[in-house]
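Here's coords-v1.cif, which has mmCIF, C-alpha atoms and all ligand atoms:
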```cif
data_coords
loop_
_atom_site.label_atom_id
_atom_site.label_comp_id
_atom_site.auth_asym_id
_atom_site.auth_seq_id
_atom_site.Cartn_x
_atom_site.Cartn_y
_atom_site.Cartn_z
CA MET B 19 -35.98 -29.16 -6.74
CA THR B 20 -38.71 -30.41 -9.00
CA CYS B 21 -42.34 -29.48 -8.70
CA ILE B 22 -44.85 -31.77 -10.26
CA ASN B 23 -47.44 -30.24 -12.51
CA GLY B 24 -46.12 -26.84 -11.61
CA GLY B 25 -47.19 -27.34 -8.02
CA GLN B 26 -50.62 -25.83 -8.66
CA GLN B 27 -52.97 -28.24 -10.35
CA PRO B 28 -52.43 -31.17 -7.94
CA ALA B 29 -53.39 -29.00 -4.99
CA VAL B 30 -56.67 -28.12 -6.64
CA ILE B 31 -57.38 -31.75 -7.52
CA PHE B 32 -56.46 -32.85 -4.04
CA MET B 33 -58.57 -30.23 -2.32
CA GLY B 34 -61.56 -31.13 -4.40
CA ALA B 35 -61.10 -34.83 -3.75
CA SER B 36 -60.57 -34.25 -0.08
CA GLN B 37 -63.87 -32.49 0.22
CA ASP B 38 -65.64 -35.35 -1.49
CA ILE B 39 -63.99 -38.28 0.25
CA SER B 40 -66.31 -38.20 3.23
CA GLN B 41 -69.25 -38.46 0.85
CA GLY B 42 -68.06 -41.85 -0.43
CA ARG B 43 -67.77 -40.78 -4.06
CA PHE B 44 -64.30 -42.36 -4.66
CA ALA B 45 -63.23 -45.96 -5.30
CA PRO B 46 -61.19 -47.59 -2.48
CA ALA B 47 -57.87 -47.27 -4.33
CA ALA B 48 -58.40 -43.59 -4.95
CA ARG B 49 -59.48 -43.13 -1.34
CA ARG B 50 -56.22 -44.75 -0.11
CA ALA B 51 -54.21 -42.51 -2.37
CA ILE B 52 -55.99 -39.45 -1.03
CA VAL B 53 -55.36 -40.51 2.56
CA LEU B 54 -51.70 -41.00 1.68
CA GLN B 55 -51.59 -37.51 0.23
CA GLN B 56 -53.20 -36.10 3.37
CA THR B 57 -50.55 -37.82 5.49
CA ILE B 58 -47.78 -36.36 3.37
CA ASP B 59 -49.27 -32.90 3.51
CA GLU B 60 -49.47 -33.08 7.28
CA THR B 61 -45.67 -33.13 7.38
CA GLY B 62 -45.74 -29.65 5.97
CA LYS B 63 -43.00 -30.50 3.49
CA ARG B 64 -44.91 -31.40 0.37
CA GLN B 65 -47.81 -29.01 0.32
CA GLY B 66 -49.31 -28.74 -3.12
CA GLN B 67 -47.76 -31.97 -4.49
CA THR B 68 -49.54 -35.17 -5.40
CA MET B 69 -48.45 -38.77 -5.43
CA ILE B 70 -51.57 -39.96 -7.20
CA ILE B 71 -49.91 -41.15 -10.36
CA LYS B 72 -51.45 -40.04 -13.61
CA ASN B 73 -49.01 -41.25 -16.29
CA GLN B 74 -45.35 -42.12 -17.00
CA THR B 75 -44.16 -38.53 -17.14
CA GLN B 76 -45.86 -37.50 -13.95
CA LEU B 77 -44.61 -40.66 -12.19
CA THR B 78 -41.01 -39.67 -12.82
CA GLN B 79 -41.73 -36.12 -11.66
CA ALA B 80 -43.42 -37.39 -8.51
CA VAL B 81 -40.55 -39.70 -7.59
CA MET B 82 -37.95 -37.01 -8.31
CA HIS B 83 -39.88 -34.62 -6.12
CA VAL B 84 -39.85 -37.08 -3.23
CA MET B 85 -36.13 -37.70 -3.71
CA ALA B 86 -35.47 -33.95 -3.76
CA THR B 87 -37.47 -33.10 -0.66
CA SER B 88 -37.02 -36.09 1.64
CA GLY B 89 -34.56 -36.04 4.51
CA ASP B 90 -32.20 -33.19 5.28
CA ASP B 91 -28.99 -34.12 3.44
CA PRO B 92 -28.67 -31.91 0.31
CA ARG B 93 -25.99 -34.08 -1.32
CA PHE B 94 -28.02 -37.24 -0.78
CA GLN B 95 -31.07 -35.49 -2.22
CA GLU B 96 -29.05 -34.41 -5.27
CA ILE B 97 -27.70 -37.91 -5.89
CA MET B 98 -31.04 -39.67 -5.45
CA THR B 99 -32.92 -37.15 -7.61
CA SER B 100 -30.43 -37.51 -10.45
CA LEU B 101 -30.39 -41.30 -10.07
CA VAL B 102 -34.15 -41.47 -10.49
CA LYS B 103 -34.05 -39.06 -13.42
CA HIS B 104 -31.54 -41.15 -15.36
CA LEU B 105 -32.84 -44.54 -14.22
CA HIS B 106 -36.35 -43.72 -15.38
CA ALA B 107 -35.00 -42.32 -18.66
CA PHE B 108 -33.02 -45.54 -19.23
CA ILE B 109 -36.09 -47.72 -18.58
CA LYS B 110 -38.17 -45.63 -20.98
CA GLU B 111 -35.47 -45.59 -23.65
CA VAL B 112 -35.08 -49.37 -23.81
CA LYS B 113 -38.74 -50.02 -22.95
CA LEU B 114 -37.70 -52.47 -20.27
CA THR B 115 -40.03 -55.47 -20.12
CA GLU B 116 -41.30 -56.95 -16.87
CA ARG B 117 -39.27 -60.13 -17.51
CA GLU B 118 -36.12 -58.11 -18.14
CA PHE B 119 -36.70 -56.18 -14.93
CA GLN B 120 -37.02 -59.47 -13.01
CA MET B 121 -33.81 -60.74 -14.60
CA GLY B 122 -32.00 -57.56 -13.58
CA VAL B 123 -33.17 -57.93 -10.00
CA GLU B 124 -31.97 -61.55 -9.99
CA GLN B 125 -28.52 -60.50 -11.20
CA ILE B 126 -28.17 -57.86 -8.47
CA ILE B 127 -29.12 -60.43 -5.83
CA LYS B 128 -26.57 -62.87 -7.25
CA MET B 129 -23.80 -60.25 -7.18
CA GLY B 130 -24.34 -59.76 -3.47
CA GLN B 131 -24.39 -63.48 -2.84
CA GLN B 132 -21.13 -63.90 -4.77
CA CYS B 133 -19.21 -61.47 -2.53
CA ASN B 134 -17.09 -62.75 0.33
CA ASP B 135 -13.91 -61.83 2.23
CA ALA B 136 -11.71 -62.77 -0.73
CA HIS B 137 -13.90 -61.72 -3.65
CA ASN B 138 -15.95 -58.64 -4.57
CA GLU B 139 -18.27 -59.26 -7.51
CA VAL B 140 -19.78 -55.76 -7.33
CA VAL B 141 -16.38 -54.10 -7.86
CA LEU B 142 -15.74 -56.50 -10.72
CA MET B 143 -19.03 -55.53 -12.36
CA ALA B 144 -18.40 -51.80 -11.81
CA GLY B 145 -15.09 -52.19 -13.64
CA SER B 146 -16.66 -54.24 -16.42
CA LEU B 147 -19.13 -51.39 -17.06
CA GLY B 148 -16.46 -48.65 -17.00
CA VAL B 149 -18.02 -47.12 -13.90
CA SER B 150 -14.90 -47.46 -11.74
CA GLN B 151 -12.73 -45.79 -14.36
CA LEU B 152 -15.20 -42.93 -14.83
CA VAL B 153 -15.33 -42.27 -11.08
CA CYS B 154 -11.52 -42.30 -11.03
CA LEU B 155 -11.14 -39.82 -13.90
CA ILE B 156 -13.80 -37.45 -12.55
CA ASN B 157 -12.15 -37.33 -9.14
CA ASN B 158 -8.52 -37.05 -10.23
CA THR B 159 -8.54 -34.59 -13.14
CA ASP B 160 -9.44 -30.93 -13.44
CA ASP B 161 -11.37 -31.21 -16.70
CA VAL B 162 -12.86 -33.83 -18.98
CA ASP B 163 -9.69 -34.11 -21.07
CA GLY B 164 -7.24 -34.03 -18.17
CA ASP B 165 -4.98 -36.99 -17.43
CA THR B 166 -3.71 -38.40 -14.17
CA THR B 167 -1.46 -41.08 -12.75
CA ALA B 168 -4.41 -42.32 -10.68
CA ASN B 169 -6.26 -45.48 -11.70
CA LEU B 170 -8.53 -48.26 -10.46
CA LEU B 171 -8.22 -49.75 -6.98
CA GLY B 172 -9.37 -53.14 -8.20
CA PRO B 173 -10.77 -55.88 -5.98
CA PHE B 174 -7.57 -57.17 -4.36
CA TRP B 175 -5.98 -54.46 -2.20
CA ARG B 176 -5.45 -55.47 1.43
CA ASP B 177 -4.91 -52.85 4.10
CA ASN B 178 -2.52 -54.93 6.21
CA THR B 179 0.37 -55.26 3.77
CA PRO B 180 3.70 -56.02 5.52
CA VAL B 181 6.13 -53.12 6.01
CA THR B 182 9.10 -53.74 3.70
CA GLU B 183 12.48 -52.00 3.44
CA ASN B 184 13.38 -50.21 0.22
CA GLY B 185 15.44 -52.50 -1.98
CA ALA B 186 13.93 -55.70 -0.56
CA SER B 187 12.08 -58.35 -2.53
CA ILE B 188 8.34 -58.89 -2.24
CA VAL B 189 8.68 -62.44 -3.58
CA ARG B 190 7.95 -64.21 -0.30
CA SER B 191 7.54 -67.77 -1.58
CA ASP B 192 8.91 -69.71 -4.55
CA THR B 193 7.23 -67.94 -7.47
CA PRO B 194 8.29 -68.46 -11.09
CA GLY B 195 8.85 -65.37 -13.24
CA GLU B 196 11.46 -63.02 -14.67
CA ALA B 197 13.11 -60.72 -12.16
CA MET B 198 11.92 -57.11 -12.12
CA PHE B 199 13.39 -54.10 -10.37
CA VAL B 200 11.12 -51.12 -9.78
CA THR B 201 11.99 -47.57 -8.79
CA GLY B 202 9.04 -45.28 -8.20
CA THR B 203 9.33 -41.53 -7.73
CA VAL B 204 6.52 -39.63 -6.01
CA THR B 205 6.17 -35.89 -6.60
CA ASP B 206 3.65 -33.13 -6.05
CA GLU B 207 2.15 -31.30 -9.02
CA ALA B 208 5.11 -28.88 -9.08
CA GLY B 209 7.56 -31.77 -9.37
CA ASN B 210 8.85 -31.60 -5.81
CA PRO B 211 9.60 -34.97 -4.15
CA VAL B 212 7.05 -36.27 -1.68
CA THR B 213 9.01 -37.86 1.17
CA ASP B 214 7.84 -40.29 3.88
CA ALA B 215 4.81 -41.35 1.87
CA ARG B 216 3.35 -44.80 2.46
CA VAL B 217 3.44 -46.89 -0.73
CA ASP B 218 1.53 -50.18 -0.95
CA ILE B 219 2.47 -52.55 -3.78
CA TRP B 220 0.60 -55.65 -4.90
CA HIS B 221 0.36 -57.76 -8.03
CA SER B 222 -0.54 -61.24 -9.20
CA ALA B 223 1.82 -64.16 -9.72
CA THR B 224 2.54 -65.41 -13.22
CA ASN B 225 -0.17 -68.07 -12.81
CA GLY B 226 -2.67 -65.19 -12.81
CA LEU B 227 -3.57 -65.46 -9.14
CA TYR B 228 -3.16 -63.08 -6.22
CA GLU B 229 -1.83 -64.72 -3.08
CA GLN B 230 -5.17 -64.83 -1.29
CA GLN B 231 -6.62 -66.73 -4.26
CA ASP B 232 -3.79 -69.24 -4.42
CA PRO B 233 -2.92 -71.85 -1.77
CA GLY B 234 0.44 -72.27 -3.53
CA GLN B 235 1.60 -68.81 -2.40
CA VAL B 236 2.39 -67.78 1.14
CA GLU B 237 0.38 -65.08 2.86
CA MET B 238 1.20 -61.60 1.47
CA ASN B 239 3.36 -62.90 -1.39
CA LEU B 240 3.98 -60.15 -3.99
CA ARG B 241 2.75 -57.46 -1.57
CA GLY B 242 4.78 -54.88 0.32
CA MET B 243 4.42 -51.53 2.08
CA PHE B 244 7.28 -49.09 1.45
CA LYS B 245 8.12 -45.53 2.44
CA THR B 246 9.50 -42.90 0.08
CA ASP B 247 13.00 -41.64 0.90
CA SER B 248 14.47 -38.11 0.83
CA LYS B 249 14.24 -38.13 -2.99
CA GLY B 250 10.59 -39.17 -2.91
CA GLN B 251 11.58 -42.62 -4.16
CA PHE B 252 10.78 -46.21 -3.26
CA TYR B 253 12.37 -49.29 -4.80
CA PHE B 254 12.02 -53.02 -4.62
CA ARG B 255 12.51 -56.33 -6.41
CA SER B 256 9.77 -58.61 -7.65
CA ILE B 257 8.88 -60.60 -10.76
CA LYS B 258 7.51 -59.10 -13.95
CA PRO B 259 3.69 -59.18 -13.82
CA GLU B 260 1.69 -61.04 -16.44
CA GLY B 261 -1.87 -60.58 -17.60
CA TYR B 262 -4.49 -62.69 -15.93
CA PRO B 263 -8.15 -63.58 -16.32
CA ILE B 264 -10.68 -61.80 -14.16
CA PRO B 265 -12.95 -64.25 -12.32
CA VAL B 266 -15.71 -65.32 -14.71
CA GLU B 267 -17.73 -67.65 -12.48
CA GLY B 268 -20.04 -64.84 -11.39
CA VAL B 269 -22.42 -62.29 -12.84
CA ALA B 270 -19.67 -60.10 -14.34
CA GLY B 271 -18.21 -63.14 -16.09
CA GLN B 272 -21.62 -64.03 -17.51
CA LEU B 273 -21.88 -60.52 -18.91
CA LEU B 274 -18.52 -60.81 -20.65
CA LYS B 275 -19.36 -64.25 -22.05
CA ARG B 276 -22.69 -63.07 -23.43
CA GLN B 277 -20.95 -60.10 -25.05
CA ARG B 278 -18.14 -62.35 -26.32
CA ARG B 279 -15.58 -60.10 -24.63
CA GLN B 280 -12.17 -61.45 -23.73
CA HIS B 281 -11.59 -61.58 -19.96
CA PHE B 282 -7.81 -61.21 -19.51
CA ARG B 283 -6.55 -58.01 -17.94
CA PRO B 284 -3.27 -56.67 -19.34
CA ALA B 285 -0.34 -57.12 -16.96
CA HIS B 286 -0.01 -54.42 -14.32
CA LEU B 287 1.51 -53.42 -11.01
CA HIS B 288 -0.82 -52.04 -8.33
CA VAL B 289 0.29 -49.02 -6.29
CA LEU B 290 -1.35 -47.05 -3.47
CA ILE B 291 0.36 -43.88 -2.19
CA ASN B 292 -0.71 -42.19 1.04
CA LYS B 293 0.70 -38.99 2.53
CA PRO B 294 -1.10 -36.43 4.72
CA GLY B 295 -1.91 -33.27 2.75
CA PHE B 296 -2.27 -35.17 -0.54
CA LYS B 297 -5.14 -37.06 -2.09
CA THR B 298 -4.42 -40.75 -1.62
CA GLN B 299 -3.46 -42.09 -5.02
CA VAL B 300 -4.51 -45.55 -6.13
CA THR B 301 -3.11 -46.67 -9.45
CA GLN B 302 -1.81 -49.38 -11.75
CA VAL B 303 1.20 -49.26 -14.07
CA TYR B 304 0.60 -51.38 -17.16
CA VAL B 305 3.24 -53.46 -18.95
CA ASN B 306 4.01 -51.90 -22.33
CA ASP B 307 4.54 -55.17 -24.24
CA ASP B 308 1.25 -56.77 -23.17
CA PRO B 309 -0.83 -57.73 -26.25
CA ARG B 310 -4.09 -56.91 -24.43
CA LEU B 311 -3.24 -53.29 -23.57
CA ASN B 312 -5.89 -52.17 -26.05
CA ASN B 313 -8.55 -54.60 -24.85
CA ASP B 314 -8.82 -54.40 -21.07
CA PRO B 315 -12.16 -55.82 -19.84
CA GLN B 316 -12.04 -53.30 -16.96
CA PHE B 317 -11.30 -50.24 -19.20
CA GLY B 318 -8.39 -49.35 -16.92
CA VAL B 319 -5.52 -48.65 -19.33
CA THR B 320 -4.78 -44.98 -19.93
CA GLU B 321 -1.96 -43.58 -22.06
CA ARG B 322 -0.32 -42.04 -19.01
CA LEU B 323 -0.19 -45.36 -17.18
CA VAL B 324 1.56 -47.50 -19.76
CA GLY B 325 4.91 -48.04 -18.05
CA ASN B 326 8.24 -48.43 -19.80
CA TYR B 327 9.27 -51.89 -18.61
CA VAL B 328 12.81 -52.17 -20.05
CA ARG B 329 14.17 -55.61 -20.87
CA HIS B 330 17.77 -56.39 -19.97
CA ASP B 331 19.71 -59.36 -21.32
CA GLU B 332 23.05 -58.60 -19.65
CA PRO B 333 23.90 -60.00 -16.19
CA GLY B 334 21.51 -58.75 -13.55
CA PRO B 335 22.15 -56.49 -10.56
CA ALA B 336 22.16 -59.47 -8.19
CA ALA B 337 23.98 -62.81 -8.47
CA ASP B 338 20.79 -64.86 -8.59
CA VAL B 339 19.19 -62.78 -11.36
CA LYS B 340 19.03 -64.57 -14.70
CA ALA B 341 18.49 -62.83 -18.03
CA PRO B 342 16.18 -61.55 -19.15
CA TRP B 343 15.33 -59.25 -16.30
CA TRP B 344 13.32 -56.04 -16.28
CA LYS B 345 13.56 -52.50 -14.95
CA LEU B 346 10.69 -50.10 -14.43
CA ASP B 347 11.06 -46.43 -13.51
CA TYR B 348 7.85 -44.48 -13.08
CA THR B 349 6.88 -41.11 -11.61
CA PHE B 350 3.62 -40.70 -9.71
CA VAL B 351 2.15 -37.22 -9.31
CA LEU B 352 0.05 -36.50 -6.21
CA ARG B 353 -2.57 -33.78 -5.96
CA LYS B 354 -3.23 -31.78 -2.84
CA GLY B 355 -6.25 -33.13 -1.03
CA ASP B 356 -7.71 -35.56 1.43
CA ALA B 357 -5.41 -38.39 2.49
CA ALA B 358 -8.35 -40.63 3.42
CA MET B 359 -7.71 -44.27 2.61
CA PRO B 360 -10.13 -46.31 0.49
CA ARG B 361 -12.15 -49.08 2.05
CA PRO B 362 -10.42 -52.41 1.42
CA PRO B 363 -12.50 -54.51 -1.00
CA ILE B 364 -11.28 -57.68 0.74
CA LYS B 365 -9.70 -58.54 4.08
FE FE E 1 -4.82 -56.49 -10.63
#
```
Would you mind writing the file out in structure tokens?
Amino acid sequence: MTCINGGQQPAVIFMGASQDISQGRFAPAARRAIVLQQTIDETGKRQGQTMIIKNQTQLTQAVMHVMATSGDDPRFQEIMTSLVKHLHAFIKEVKLTEREFQMGVEQIIKMGQQCNDAHNEVVLMAGSLGVSQLVCLINNTDDVDGDTTANLLGPFWRDNTPVTENGASIVRSDTPGEAMFVTGTVTDEAGNPVTDARVDIWHSATNGLYEQQDPGQVEMNLRGMFKTDSKGQFYFRSIKPEGYPIPVEGVAGQLLKRQRRQHFRPAHLHVLINKPGFKTQVTQVYVNDDPRLNNDPQFGVTERLVGNYVRHDEPGPAADVKAPWWKLDYTFVLRKGDAAMPRPPIK
């Protein structure tokens, strides 16, 4: 909780002003401010505080005080108070101009307008600023230097992925690419297998597009929902992912262009693992030979999540597999926790 001006001086000022207001000794603006203060005080919640703004410092204190004392949700109060504290500090640090403020407002409006059922510009921007990755690391590690097999959800997960048998292919329409066989193992933190877990898989085609972005792919191409077996494993066939450009037609793309940042994500496989009793894990396993591993515009690549995609040039495990083909084995570690599912960014 933050008290402005120590909670003492404003009360004295206010009391003095209040006594004089009926005598018409204050300008209209000051009179309105005093009436506002009286209204606030009548709630009984902000006795002794003032919202008559004196200067920059006291403005921040006044807003923080309102954030800290309004409503009855302590967590919401904590978040809003801290948001105001850092937002005001940022504005002061860069000395934000009125024009720059207007431009910022315009960009936020545009981001909302650029969202639809198949595209989420806000998630794209959060990733481009490293916010998504920071939220992920904070919520999936025990300390600031801890690592995890969790990663970004990204903007393309769909909650209605078709149930698929282990060993099946998720290539549902003619899609060029080198064959890839994946075996994932899911364990708890002690290394015990996690059986009967739901595992959602999704990735882009080699043209850089997810199926819902591409009329050339059938519905749910390169997506599948598996279940871990008695060894905690799931396995399937697909094609080796390739890096792809993030959409640059919107506000996030304009940011990257202005900063002269490259906009291709390194190749990756998306995975979501859900099992009651464990924290739902959302992650991506990155392709180890991708030249952009060290330059991801979404800041998603961690050391732990660089997968060992092994190239094979001998005959493949199925008659229709041509060399080269690829094999990925990866172990995902779940933490005990809430199995709540994320909200799908798109339908
Ligand atoms: Fe992706």
Quiz item: Which residue gives the smallest distance to B:Gln132 among B:Arg310, B:Ala270, B:Thr167, B:Val149, with all atoms listed in the file counted?
Solution: B:Ala270
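Nearest-residue note for B:His330: choosing from B:Lys258, B:Arg241, B:Arg117, B:Lys345, the minimum distance belongs to B:Lys345, counting only C-alpha atoms.
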Self-check item: Surroundings of ligand FE 1 (chain E) up to 8 Å, based on all atoms listed in the file, as number ranges by chain
Solution: B: 172-174, 220-222, 283, 285-288, 302
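Neighbours of B:Val140 closer than or equal to 10 Å, with all atoms listed in the file counted and sequence neighbours fewer than 6 positions away skipped, come out as Ile126, Lys128, Met129, Gly130, Gln132, Cys133, Ser146, Pro173, Gly268, Val269, Ala270 and Pro363 of chain B.
The interatomic distance for the pair atom CA of B:Asn306 and atom CA of B:Thr193 works out to 22.1 Å.
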Practice problem: Extract, using only C-alpha atoms, all DNA, RNA and protein residues at most 9 Å from B:Glu332, discarding same-chain residues fewer than 6 positions from it, and format them as a VMD selection string. | Solution: chain B and resid 340 to 343
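Residue nearest B:Val300 within the list B:Val81, B:Val339, B:Leu352, B:Val319: B:Leu352 [criterion: smallest interatomic distance, only C-alpha atoms].
The space separating atom CA of B:Glu116 from atom CA of B:Glu267 comes to 26.3 Å.
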